[in-house]
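Asker: Sharing target.txt (compact mmCIF, C-alpha atoms) below.
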# COMPACT_ATOMS: atom_id res chain seq x y z
CA MET T 386 3.58 26.04 -55.78
CA CYS T 387 5.53 24.66 -52.78
CA ARG T 388 8.81 26.40 -52.38
CA GLY T 389 9.93 24.35 -49.31
CA LEU T 390 11.40 25.58 -46.05
CA ALA T 391 13.55 28.21 -47.74
CA SER T 392 10.54 30.49 -48.05
CA PHE T 393 10.11 30.71 -44.24
CA PRO T 394 11.95 33.40 -42.31
CA SER T 395 15.06 32.13 -40.48
CA SER T 396 13.55 33.05 -37.09
CA CYS T 397 10.65 30.67 -37.75
CA LEU T 398 13.05 27.92 -38.76
CA GLU T 399 15.08 28.41 -35.57
CA LYS T 400 11.89 28.29 -33.44
CA ALA T 401 10.77 25.13 -35.24
CA LYS T 402 14.13 23.46 -34.57
CA GLY T 403 13.93 24.46 -30.91
CA MET T 404 10.40 23.08 -30.63
CA ARG T 405 11.48 19.83 -32.30
CA VAL T 406 14.24 19.39 -29.71
CA LYS T 407 11.83 20.12 -26.84
CA ILE T 408 9.20 17.73 -28.18
CA SER T 409 11.83 15.04 -28.65
CA HIS T 410 13.02 15.57 -25.07
CA LEU T 411 9.44 15.38 -23.72
CA ALA T 412 8.78 12.21 -25.69
CA GLN T 413 11.90 10.58 -24.26
CA LYS T 414 10.98 11.70 -20.74
CA HIS T 415 7.43 10.34 -21.16
CA GLU T 416 8.81 7.03 -22.46
CA TRP T 417 11.20 6.74 -19.47
CA THR T 418 8.43 7.59 -16.98
CA HIS T 419 6.09 5.06 -18.59
CA LYS T 420 8.77 2.34 -18.49
CA HIS T 421 9.65 3.20 -14.87
CA ARG T 422 6.01 3.02 -13.78
CA ALA T 423 5.49 -0.21 -15.70
CA SER T 424 8.47 -1.84 -14.00
CA GLU T 425 7.25 -0.59 -10.61
CA GLU T 426 3.80 -2.01 -11.28
CA LYS T 427 5.29 -5.36 -12.32
CA VAL T 428 7.17 -5.67 -9.06
CA LEU T 429 4.53 -4.20 -6.73
CA PRO T 430 1.21 -4.27 -8.59
CA ASP T 431 -0.87 -4.46 -5.43
CA LEU T 432 -0.80 -4.67 -1.66
CA GLU T 433 -1.30 -8.44 -1.68
CA THR T 434 1.94 -8.91 -3.63
CA LEU T 435 3.76 -6.59 -1.26
CA LEU T 436 2.51 -8.41 1.83
CA SER T 437 3.55 -11.78 0.41
CA ASN T 438 7.11 -10.56 -0.19
CA LYS T 439 9.29 -10.63 2.94
CA VAL T 440 11.46 -7.66 1.91
CA GLY T 441 8.43 -5.69 0.72
CA LEU T 442 6.52 -6.38 3.93
CA GLN T 443 9.46 -5.23 6.03
CA ALA T 444 9.86 -2.01 4.00
CA PHE T 445 6.11 -1.34 4.30
CA GLN T 446 6.35 -1.83 8.09
CA TRP T 447 9.27 0.62 8.30
CA PHE T 448 7.38 3.12 6.19
CA LEU T 449 4.27 2.89 8.37
CA ARG T 450 6.35 3.23 11.55
CA SER T 451 7.96 6.35 10.13
CA GLU T 452 4.44 7.78 9.75
CA PHE T 453 3.30 6.48 13.17
CA SER T 454 0.55 4.50 11.46
CA GLU T 455 1.57 0.87 11.73
CA GLU T 456 -1.52 -0.28 13.66
CA ASN T 457 -3.46 -1.28 10.53
CA LEU T 458 -0.71 -3.55 9.26
CA GLU T 459 -0.07 -4.96 12.74
CA PHE T 460 -3.79 -5.74 13.05
CA TRP T 461 -3.84 -7.39 9.62
CA LEU T 462 -0.81 -9.54 10.53
CA ALA T 463 -2.36 -10.49 13.89
CA CYS T 464 -5.53 -11.59 12.08
CA GLU T 465 -3.45 -13.71 9.68
CA ASP T 466 -1.76 -15.36 12.66
CA TYR T 467 -5.14 -15.85 14.37
CA ARG T 468 -6.62 -17.54 11.32
CA ARG T 469 -3.77 -20.07 11.22
CA SER T 470 -3.94 -20.83 14.95
CA GLU T 471 -5.00 -24.06 16.57
CA LEU T 472 -8.57 -24.14 17.93
CA ASN T 473 -7.37 -24.26 21.53
CA GLN T 474 -5.48 -20.96 21.03
CA LEU T 475 -8.32 -18.97 19.46
CA GLU T 476 -9.83 -17.60 22.67
CA THR T 477 -6.51 -16.30 24.02
CA LYS T 478 -5.49 -14.77 20.69
CA ALA T 479 -8.94 -13.24 20.16
CA GLN T 480 -8.74 -11.54 23.56
CA CYS T 481 -5.25 -10.28 22.73
CA ILE T 482 -6.35 -8.85 19.36
CA TYR T 483 -9.38 -7.25 20.95
CA SER T 484 -7.42 -5.58 23.76
CA ARG T 485 -4.60 -4.47 21.46
CA PHE T 486 -6.58 -3.20 18.44
CA ILE T 487 -10.38 -3.12 18.95
CA ASN T 488 -11.01 -1.87 22.48
CA SER T 489 -11.65 1.89 22.56
CA GLU T 490 -8.74 2.25 24.99
CA ALA T 491 -6.37 0.09 22.94
CA ARG T 492 -2.92 1.53 22.41
CA GLN T 493 -3.04 0.56 18.72
CA GLU T 494 -6.74 1.01 18.06
CA VAL T 495 -7.73 0.51 14.42
CA ASN T 496 -10.40 2.48 12.63
CA LEU T 497 -13.46 0.22 12.39
CA ASP T 498 -17.10 1.16 12.06
CA SER T 499 -19.32 0.67 15.10
CA GLU T 500 -21.23 -2.30 13.60
CA THR T 501 -18.02 -4.26 13.01
CA ARG T 502 -16.81 -3.41 16.52
CA GLU T 503 -20.05 -4.61 18.10
CA ALA T 504 -19.96 -7.82 16.08
CA LEU T 505 -16.42 -8.47 17.30
CA VAL T 506 -17.46 -8.03 20.94
CA ARG T 507 -20.00 -10.81 20.48
CA VAL T 508 -17.54 -13.04 18.60
CA ILE T 509 -14.87 -12.71 21.29
CA GLU T 510 -17.13 -14.59 23.68
CA ASP T 511 -17.24 -17.60 21.34
CA PRO T 512 -14.27 -17.24 18.91
CA ARG T 513 -14.19 -18.97 15.52
CA ALA T 514 -11.38 -19.14 12.97
CA ASP T 515 -13.11 -16.55 10.76
CA ALA T 516 -14.00 -14.19 13.62
CA PHE T 517 -11.89 -11.29 12.36
CA ASP T 518 -12.37 -11.76 8.61
CA GLU T 519 -14.73 -8.82 8.08
CA ALA T 520 -12.65 -6.47 10.23
CA GLN T 521 -9.45 -7.63 8.57
CA GLN T 522 -10.92 -7.00 5.11
CA SER T 523 -12.05 -3.54 6.18
CA ILE T 524 -8.56 -2.63 7.38
CA TYR T 525 -7.01 -4.15 4.24
CA SER T 526 -9.25 -1.89 2.14
CA LEU T 527 -8.11 1.13 4.15
CA MET T 528 -4.48 0.23 3.50
CA VAL T 529 -5.13 -0.24 -0.22
CA LYS T 530 -6.76 3.18 -0.50
CA ASP T 531 -4.54 5.15 1.85
CA SER T 532 -1.17 3.88 3.07
CA PHE T 533 -0.19 1.67 0.11
CA PRO T 534 -0.36 4.50 -2.48
CA ARG T 535 1.71 6.72 -0.14
CA PHE T 536 4.21 3.89 0.25
CA LEU T 537 4.53 3.54 -3.54
CA ARG T 538 5.57 7.20 -3.72
CA SER T 539 8.05 6.89 -0.83
CA THR T 540 11.80 6.37 -0.71
CA HIS T 541 11.10 3.14 1.22
CA CYS T 542 9.46 1.73 -1.90
CA GLN T 543 12.33 2.86 -4.11
CA GLU T 544 14.74 0.98 -1.83
CA VAL T 545 12.61 -2.19 -2.14
CA LEU T 546 12.59 -1.91 -5.91
CA LYS T 547 16.40 -1.72 -5.92
CA THR T 548 16.68 -4.99 -3.98
CA LEU T 549 14.15 -6.96 -6.02
Could I get this file's structure written as C-alpha cells?

Answerer:
Amino acid sequence: MCRGLASFPSSCLEKAKGMRVKISHLAQKHEWTHKHRASEEKVLPDLETLLSNKVGLQAFQWFLRSEFSEENLEFWLACEDYRRSELNQLETKAQCIYSRFINSEARQEVNLDSETREALVRVIEDPRADAFDEAQQSIYSLMVKDSFPRFLRSTHCQEVLKTL
C-alpha cells in the first residue's frame, strides 16, 4: 500500500528538501528574534524602568535631542524635581516650569490640553507639591505612546542594551 518516498518523482523530493531547509531557517530566525525581543523587554520593559536607569535615561535624552523633541522629557524631569522641592522653593520652581513649558510662548512648550493648561495657571498662583501631577502624567502617557516605542527601535536603544 505505502511504497515510501521512492514512489515520488525526484523533482518533488528535491523541492521537499529545499522547503525543509527554508522552514528550518525560518524557525531558527523566528527563535532568534523571539529571544532578542524577550531580552530587550527584560532590560527595558517600560518607560518607568528606562527613566529609573541612569544610562537609559541619558540615552533616551540623546535620542529625543536627535529628533528635536526633548521638551516632554525635560518637562517630566522638571516636575520630578518640583515634587521633591522644599515648600519655600515651590513658587519659584512653579513659575520656572510654567514659563519654560506651559506658557504659549515658551521655548519648550509641551502639548497639553486647554483644561490642564488653565488649571495650571490657577495653581501657579498658589503652588502645592502635587500641582503638576496631572500634566506630568499626561506628558508621560504621550511619551509611552509615541517617543518610547520609537526609542526602542533606535540605535540609541541598541547601544544602551549593549552596556547593560

Asker: Choose the residue, out of T:Thr540, T:Gln521, T:Asn496, T:Thr477, that has the smallest atom-to-atom separation from Ile509 (chain T); count all atoms listed in the file.

Answerer: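 Of T:Thr540, T:Gln521, T:Asn496, T:Thr477, the one nearest Ile509 (chain T), counting all atoms listed in the file, is T:Thr477.
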
Asker: For CA of Glu510 (chain T) and CA of Tyr483 (chain T), quote the distance in Å rounded to one decimal.

Answerer: 11.0 Å

Asker: CA of Asn457 (chain T) to CA of Tyr525 (chain T): how many Å, to one decimal?

Answerer: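 Between these atoms lies a distance of 7.8 Å.
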
Asker: Need to verify the contact set: region 430-443 of chain T, 12 Å, all atoms listed in the file, exclusion of same-chain residues closer than 3 positions in sequence. Can you return it as a compact mmCIF listing (two decimals) with C-alpha atoms, in the frame of the given file?

Answerer:
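Okay, this is what ended up in around.txt:
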# COMPACT_ATOMS: atom_id res chain seq x y z
CA ARG T 422 6.01 3.02 -13.78
CA ALA T 423 5.49 -0.21 -15.70
CA SER T 424 8.47 -1.84 -14.00
CA GLU T 425 7.25 -0.59 -10.61
CA GLU T 426 3.80 -2.01 -11.28
CA LYS T 427 5.29 -5.36 -12.32
CA GLN T 446 6.35 -1.83 8.09
CA TRP T 447 9.27 0.62 8.30
CA PHE T 448 7.38 3.12 6.19
CA LEU T 449 4.27 2.89 8.37
CA ARG T 450 6.35 3.23 11.55
CA GLU T 455 1.57 0.87 11.73
CA LEU T 458 -0.71 -3.55 9.26
CA GLU T 459 -0.07 -4.96 12.74
CA TRP T 461 -3.84 -7.39 9.62
CA LEU T 462 -0.81 -9.54 10.53
CA GLU T 465 -3.45 -13.71 9.68
CA GLN T 522 -10.92 -7.00 5.11
CA TYR T 525 -7.01 -4.15 4.24
CA SER T 526 -9.25 -1.89 2.14
CA LEU T 527 -8.11 1.13 4.15
CA MET T 528 -4.48 0.23 3.50
CA VAL T 529 -5.13 -0.24 -0.22
CA LYS T 530 -6.76 3.18 -0.50
CA ASP T 531 -4.54 5.15 1.85
CA SER T 532 -1.17 3.88 3.07
CA PHE T 533 -0.19 1.67 0.11
CA PRO T 534 -0.36 4.50 -2.48
CA ARG T 535 1.71 6.72 -0.14
CA PHE T 536 4.21 3.89 0.25
CA LEU T 537 4.53 3.54 -3.54
CA HIS T 541 11.10 3.14 1.22
CA CYS T 542 9.46 1.73 -1.90
CA GLN T 543 12.33 2.86 -4.11
CA GLU T 544 14.74 0.98 -1.83
CA VAL T 545 12.61 -2.19 -2.14
CA LEU T 546 12.59 -1.91 -5.91
CA LYS T 547 16.40 -1.72 -5.92
CA THR T 548 16.68 -4.99 -3.98
CA LEU T 549 14.15 -6.96 -6.02

Asker: What's the 12 Å shell around Arg507 (chain T), counting only C-alpha atoms, without same-chain residues fewer than 4 positions away, as a list in words?

Answerer: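 Close residues of Arg507 (chain T): Ala479, Gln480, Tyr483, Glu500, Thr501, Arg502, Glu503, Asp511, Pro512, Arg513, Ala516 and Phe517 of chain T.
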
Asker: Given all atoms listed in the file as the basis, pick out the residue of T:Cys481, T:Arg468, T:Val506, T:Gln493 nearest to Phe453 (chain T).

Answerer: T:Gln493

Asker: Please measure the separation of CA of Ile524 (chain T) and CA of Asn473 (chain T), giving the value in Å to one decimal.

Answerer: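 That distance, rounded to one decimal, is 25.9 Å.
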
Asker: Would you compute an axis-aligned box for region 493-504 of chain T, covering every atom listed for it in the file with 4 Å of margin on each side, and report centre and edge lengths in Å to one decimal as AutoDock Vina command-line options?

Answerer:
--center_x -12.1 --center_y -2.7 --center_z 15.4 --size_x 26.2 --size_y 18.3 --size_z 14.7

Asker: Using all atoms listed in the file, which of T:Ser454, T:Phe460, T:Arg469, T:Val508 sits nearest Ile487 (chain T)?

Answerer: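 Distance minimum relative to Ile487 (chain T) lands on T:Phe460.
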
Asker: Using only C-alpha atoms, which of the listed residues (T:Ser451, T:Glu490, T:Ile482, T:Ser523) sits closest to Cys464 (chain T)?

Answerer: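 For Cys464 (chain T), the nearest of the candidates is T:Ile482.
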